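Visitor: Take a look at work.cif, mmCIF, C-alpha atoms:
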```cif
data_entry
#
loop_
_atom_site.label_atom_id
_atom_site.label_comp_id
_atom_site.auth_asym_id
_atom_site.auth_seq_id
_atom_site.Cartn_x
_atom_site.Cartn_y
_atom_site.Cartn_z
CA MET B 1 0.13 11.67 5.06
CA SER B 2 -1.44 11.13 8.47
CA THR B 3 0.23 9.01 11.14
CA MET B 4 -0.81 5.37 11.05
CA ARG B 5 -2.12 4.39 14.47
CA LEU B 6 -3.24 1.18 16.14
CA CYS B 7 -5.54 0.80 19.10
CA ILE B 8 -4.26 -2.23 21.00
CA GLY B 9 -6.27 -3.99 23.66
CA ASP B 10 -6.99 -7.31 25.28
CA PRO B 11 -9.50 -9.73 23.71
CA LEU B 12 -12.07 -9.06 26.46
CA ASN B 13 -11.90 -5.27 25.99
CA ARG B 14 -10.90 -4.65 29.61
CA TRP B 15 -7.96 -2.48 28.51
CA PHE B 16 -6.98 -0.62 25.33
CA LYS B 17 -4.74 2.25 24.24
CA TRP B 18 -3.82 4.05 21.01
CA TYR B 19 -0.23 3.84 19.71
CA ASP B 20 1.75 5.37 16.86
CA ALA B 21 2.40 2.34 14.64
CA GLU B 22 5.08 4.11 12.60
CA GLU B 23 7.66 3.61 15.37
CA GLY B 24 7.88 -0.08 14.41
CA SER B 25 7.00 -3.30 16.18
CA ALA B 26 9.88 -3.35 18.68
CA GLU B 27 8.99 0.09 20.02
CA LEU B 28 5.27 -0.70 19.92
CA TRP B 29 5.66 -3.91 21.94
CA ALA B 30 7.90 -2.16 24.47
CA ASN B 31 5.22 0.50 24.96
CA ILE B 32 2.43 -2.08 25.21
CA ARG B 33 4.32 -4.07 27.86
CA LYS B 34 5.02 -0.85 29.76
CA ASP B 35 1.40 0.40 29.62
CA ALA B 36 -0.70 -2.77 29.86
CA PRO B 37 -1.75 -4.30 33.16
CA SER B 38 0.54 -7.22 34.02
CA HIS B 39 -2.28 -9.80 34.08
CA ILE B 40 -3.01 -9.32 30.35
CA GLU B 41 -1.07 -11.79 28.24
CA GLU B 42 -2.82 -11.59 24.87
CA PHE B 43 -3.35 -8.48 22.75
CA ILE B 44 -5.37 -7.69 19.65
CA ILE B 45 -5.90 -4.75 17.33
CA VAL B 46 -9.11 -3.12 18.50
CA ASP B 47 -9.16 -0.29 15.95
CA HIS B 48 -6.87 1.48 13.49
CA GLU B 49 -6.43 4.77 11.62
CA TYR B 50 -4.92 5.61 8.21
CA PHE B 51 -4.05 2.07 7.11
CA ASN B 52 -6.58 1.98 4.24
CA PRO B 53 -6.82 0.13 1.96
CA VAL B 54 -4.59 -2.36 3.83
CA ASN B 55 -6.40 -3.95 6.77
CA PRO B 56 -4.09 -4.29 9.79
CA LEU B 57 -6.51 -6.76 11.38
CA THR B 58 -5.41 -9.32 8.79
CA LEU B 59 -1.74 -8.51 9.40
CA GLY B 60 -1.58 -8.73 13.15
CA ILE B 61 0.09 -6.31 15.52
CA THR B 62 3.75 -6.93 14.66
CA LYS B 63 3.34 -6.94 10.87
CA ALA B 64 1.03 -3.92 10.94
CA ALA B 65 3.54 -1.91 12.96
CA ASP B 66 6.45 -2.99 10.76
CA PHE B 67 4.43 -2.09 7.66
CA ALA B 68 3.67 1.38 9.11
CA TYR B 69 7.35 1.84 9.99
CA PHE B 70 8.35 0.85 6.45
CA LEU B 71 5.90 3.32 4.87
CA ALA B 72 6.96 6.14 7.20
CA GLY B 73 10.46 5.97 5.74
CA LEU B 74 9.32 6.40 2.14
CA SER B 75 8.51 9.40 -0.03
CA ASP B 76 4.87 10.55 -0.01
CA HIS B 77 4.02 9.08 -3.43
CA LYS B 78 5.38 5.67 -2.41
CA ALA B 79 3.83 5.78 1.08
CA THR B 80 0.44 6.45 -0.53
CA GLY B 81 0.91 4.28 -3.60
CA ILE B 82 2.23 1.07 -2.03
CA PRO B 83 -0.93 0.33 0.02
CA LEU B 84 -3.01 1.00 -3.12
CA TYR B 85 -0.75 -1.32 -5.10
CA MET B 86 -1.15 -3.95 -2.38
CA SER B 87 -4.93 -3.68 -2.73
CA ILE B 88 -4.42 -4.93 -6.30
CA ILE B 89 -1.75 -7.58 -5.85
CA GLY B 90 -2.83 -8.90 -2.46
CA ASP B 91 -0.35 -9.97 0.16
CA GLN B 92 2.05 -11.98 -2.01
CA TYR B 93 4.99 -10.11 -0.49
CA ALA B 94 3.68 -10.63 3.03
CA ALA B 95 3.44 -14.38 2.95
CA LYS B 96 7.13 -15.18 2.96
CA MET B 97 7.97 -17.94 5.44
CA VAL B 98 11.04 -17.16 7.49
CA TYR B 99 13.69 -19.86 7.93
CA GLU B 100 16.26 -19.96 10.68
CA ASP B 101 19.11 -22.49 10.63
CA ASP B 102 17.41 -24.38 7.77
CA GLU B 103 14.33 -24.99 9.93
CA GLU B 104 10.93 -23.54 9.24
CA VAL B 105 9.83 -21.02 11.83
CA CYS B 106 6.12 -20.42 12.24
CA TYR B 107 5.83 -16.74 11.41
CA THR B 108 5.72 -14.66 8.29
CA ARG B 109 7.03 -11.23 7.47
CA TYR B 110 6.83 -8.68 4.71
CA ASP B 111 9.68 -8.68 2.29
CA PHE B 112 9.72 -4.90 2.10
CA ASP B 113 12.56 -4.72 -0.41
CA GLU B 114 10.70 -6.98 -2.85
CA LEU B 115 7.48 -5.07 -2.30
CA GLU B 116 9.16 -1.73 -3.00
CA ASP B 117 10.93 -3.13 -6.09
CA ALA B 118 7.65 -4.52 -7.44
CA PHE B 119 5.94 -1.18 -6.79
CA ASP B 120 8.74 0.71 -8.58
CA GLU B 121 8.40 -1.58 -11.58
CA ALA B 122 4.61 -1.39 -11.77
CA TYR B 123 4.00 2.26 -10.81
CA ARG B 124 3.06 4.36 -13.83
CA GLY B 125 2.08 7.55 -12.02
CA TYR B 126 -0.69 9.65 -10.52
CA TYR B 127 -3.11 11.42 -12.88
CA ASN B 128 -6.18 13.62 -12.63
CA SER B 129 -8.13 11.04 -14.66
CA LYS B 130 -7.78 7.79 -16.58
CA ALA B 131 -8.21 9.76 -19.80
CA GLU B 132 -5.27 12.02 -18.90
CA MET B 133 -3.08 8.96 -18.32
CA ALA B 134 -4.12 7.45 -21.68
CA GLU B 135 -3.40 10.65 -23.61
CA GLN B 136 -0.03 11.11 -21.91
CA LEU B 137 0.96 7.48 -22.58
CA TYR B 138 0.08 7.75 -26.28
CA GLY B 139 2.06 10.98 -26.47
CA GLU B 140 5.11 9.34 -24.88
CA LEU B 141 4.86 6.44 -27.32
CA GLY B 142 5.01 8.90 -30.22
CA TYR B 143 1.49 8.28 -31.53
CA LEU B 144 0.52 11.94 -31.22
CA THR B 145 3.29 13.52 -33.27
CA GLY B 146 2.97 15.11 -36.66
CA GLU B 147 0.40 17.41 -38.16
CA VAL B 148 -2.26 14.76 -38.80
CA ALA B 149 -2.06 13.42 -35.24
CA THR B 150 -2.24 16.95 -33.84
CA ARG B 151 -5.42 17.63 -35.82
CA LEU B 152 -7.06 14.32 -34.89
CA THR B 153 -6.18 14.34 -31.17
CA PRO B 154 -9.16 16.53 -30.13
CA TYR B 155 -11.51 13.90 -31.59
CA VAL B 156 -10.05 10.93 -29.71
CA ASP B 157 -12.28 9.52 -26.97
CA TRP B 158 -9.59 9.23 -24.28
CA GLU B 159 -12.07 7.69 -21.82
CA ALA B 160 -12.57 4.79 -24.25
CA VAL B 161 -8.81 4.47 -24.79
CA ALA B 162 -8.35 4.34 -21.01
CA ARG B 163 -10.99 1.59 -20.75
CA ASP B 164 -9.05 -0.43 -23.33
CA LEU B 165 -5.82 0.22 -21.43
CA GLY B 166 -7.52 -1.41 -18.43
CA GLN B 167 -6.29 -4.73 -19.85
CA VAL B 168 -2.65 -3.73 -19.26
CA VAL B 169 -2.95 -1.03 -16.60
CA TYR B 170 -4.56 -1.20 -13.16
CA PHE B 171 -6.28 2.03 -12.16
CA VAL B 172 -6.97 2.84 -8.51
CA GLU B 173 -8.99 5.96 -7.74
CA SER B 174 -7.78 7.83 -4.67
CA ASP B 175 -7.01 11.35 -3.47
CA GLY B 176 -9.23 12.91 -6.16
CA GLY B 177 -7.30 11.28 -9.01
CA VAL B 178 -6.06 7.99 -10.38
CA TYR B 179 -2.99 5.91 -9.57
CA ALA B 180 -1.89 3.77 -12.53
CA PHE B 181 0.07 0.51 -12.29
CA TRP B 182 1.28 -1.76 -15.09
CA ASN B 183 -0.44 -5.15 -15.08
CA HIS B 184 2.54 -7.44 -15.70
#
```
Would you kindly transcribe this structure into structure tokens?
Guide:
Amino acid sequence: MSTMRLCIGDPLNRWFKWYDAEEGSAELWANIRKDAPSHIEEFIIVDHEYFNPVNPLTLGITKAADFAYFLAGLSDHKATGIPLYMSIIGDQYAAKMVYEDDEEVCYTRYDFDELEDAFDEAYRGYYNSKAEMAEQLYGELGYLTGEVATRLTPYVDWEAVARDLGQVVYFVESDGGVYAFWNH
């Protein structure tokens, strides 16, 4: 997986610089403060690389960097799969309000543990095609055992079965194949 990067600049585009977002927000902000001219007080994301399908412009600098840091610490299948899963479920794990001393504080953060748990529960796997996933699932469920099933299997339209599975499985095409997630 390629390094997730953010191009940070000022709103008037007088200054900008690329940063490795996978170092996390604390390191990113330290580098921005060190590199930016002292008269610039406000910063925005000017551009980004390798965040797709998640849009860091909607996250903001701190959350985008923390998200990149979180993904950098995961295995490849999770680091690739979680953003795809988020493209399905939206930002429900990002919109947690943080409370300090029983008072509401006006910022949100990702609940990365909840997001990873939800991904682990929903993730079915990566397949070459939807049809391959459907055939494998039916095999695991025991529907393809026995002599009759073995003889009939070549005549099953696995593409049609996969379309029907679309009611209980989300499919996301990426990396030349299909990621499958349970819809529950």
Visitor: Please provide as a list in words all residues within 8 Å of region 141-158 of chain B, with the sequence filter that same-chain residues fewer than 6 positions apart are discarded (counting all atoms listed in the file).
Guide: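 The contact residues come out as Ala131, Glu132, Ala134 and Glu135 of chain B.
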Visitor: So that I can see what lies close to Phe119 (chain B), please list as a list in words the residues with an atom at most 12 Å from it, counting only C-alpha atoms and leaving out residues fewer than 4 positions away in the same chain.
Guide: His77, Lys78, Ala79, Thr80, Gly81, Ile82, Pro83, Leu84, Tyr85, Met86, Ser87, Ile88, Ile89, Tyr93, Phe112, Asp113, Glu114, Leu115, Tyr123, Arg124, Gly125, Tyr179, Ala180, Phe181, Trp182, Asn183 and His184 of chain B
Visitor: Tell me, in Å to one decimal, how far CA of Phe51 (chain B) is from CA of Met4 (chain B).
Guide: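 Rounded to one decimal, the two atoms are 6.1 Å apart.
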Visitor: Taking (8.1, -3.1, 18.9) as a centre in this file's frame and 12 Å as the limit, can you find every polymer residue with an atom that close, using only C-alpha atoms, and give them as an MDAnalysis selection string?
Guide: chainID B and resid 19:34 61:69
Visitor: Can those selected residues be exported to a file as a compact mmCIF listing (two decimals), in the coordinates of the input so that it contains C-alpha atoms?
Guide:
```
# COMPACT_ATOMS: atom_id res chain seq x y z
CA TYR B 19 -0.23 3.84 19.71
CA ASP B 20 1.75 5.37 16.86
CA ALA B 21 2.40 2.34 14.64
CA GLU B 22 5.08 4.11 12.60
CA GLU B 23 7.66 3.61 15.37
CA GLY B 24 7.88 -0.08 14.41
CA SER B 25 7.00 -3.30 16.18
CA ALA B 26 9.88 -3.35 18.68
CA GLU B 27 8.99 0.09 20.02
CA LEU B 28 5.27 -0.70 19.92
CA TRP B 29 5.66 -3.91 21.94
CA ALA B 30 7.90 -2.16 24.47
CA ASN B 31 5.22 0.50 24.96
CA ILE B 32 2.43 -2.08 25.21
CA ARG B 33 4.32 -4.07 27.86
CA LYS B 34 5.02 -0.85 29.76
CA ILE B 61 0.09 -6.31 15.52
CA THR B 62 3.75 -6.93 14.66
CA LYS B 63 3.34 -6.94 10.87
CA ALA B 64 1.03 -3.92 10.94
CA ALA B 65 3.54 -1.91 12.96
CA ASP B 66 6.45 -2.99 10.76
CA PHE B 67 4.43 -2.09 7.66
CA ALA B 68 3.67 1.38 9.11
CA TYR B 69 7.35 1.84 9.99
```
Visitor: If we count all atoms listed in the file, what is near Val46 (chain B) at a cut-off of 7 Å, once residues fewer than 6 positions away on the same chain are taken out, given as a VMD selection string?
Guide: chain B and resid 7 to 9
Visitor: Separation of CA of Arg5 (chain B) and CA of Leu74 (chain B), in Å?
Guide: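 These two atoms are separated by 16.9 Å.
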Visitor: Selection in question (the file shown): the PyMOL selection byres ((chain B and resi 10) around 10). Which residues does it include, as a list in words?
Guide: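 When the PyMOL selection byres ((chain B and resi 10) around 10) is applied, the selected residues are Ile8, Gly9, Pro11, Leu12, Asn13, Arg14, Trp15, Phe16, Lys17, Ala36, Pro37, Ile40, Glu41, Glu42, Phe43, Ile44, Ile45 and Val46 of chain B.
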Visitor: Please determine, counting only C-alpha atoms, which residue among B:Leu57, B:Val178, B:Leu71, B:Asp47 has the shortest atom-to-atom distance to Thr3 (chain B).
Guide: B:Leu71
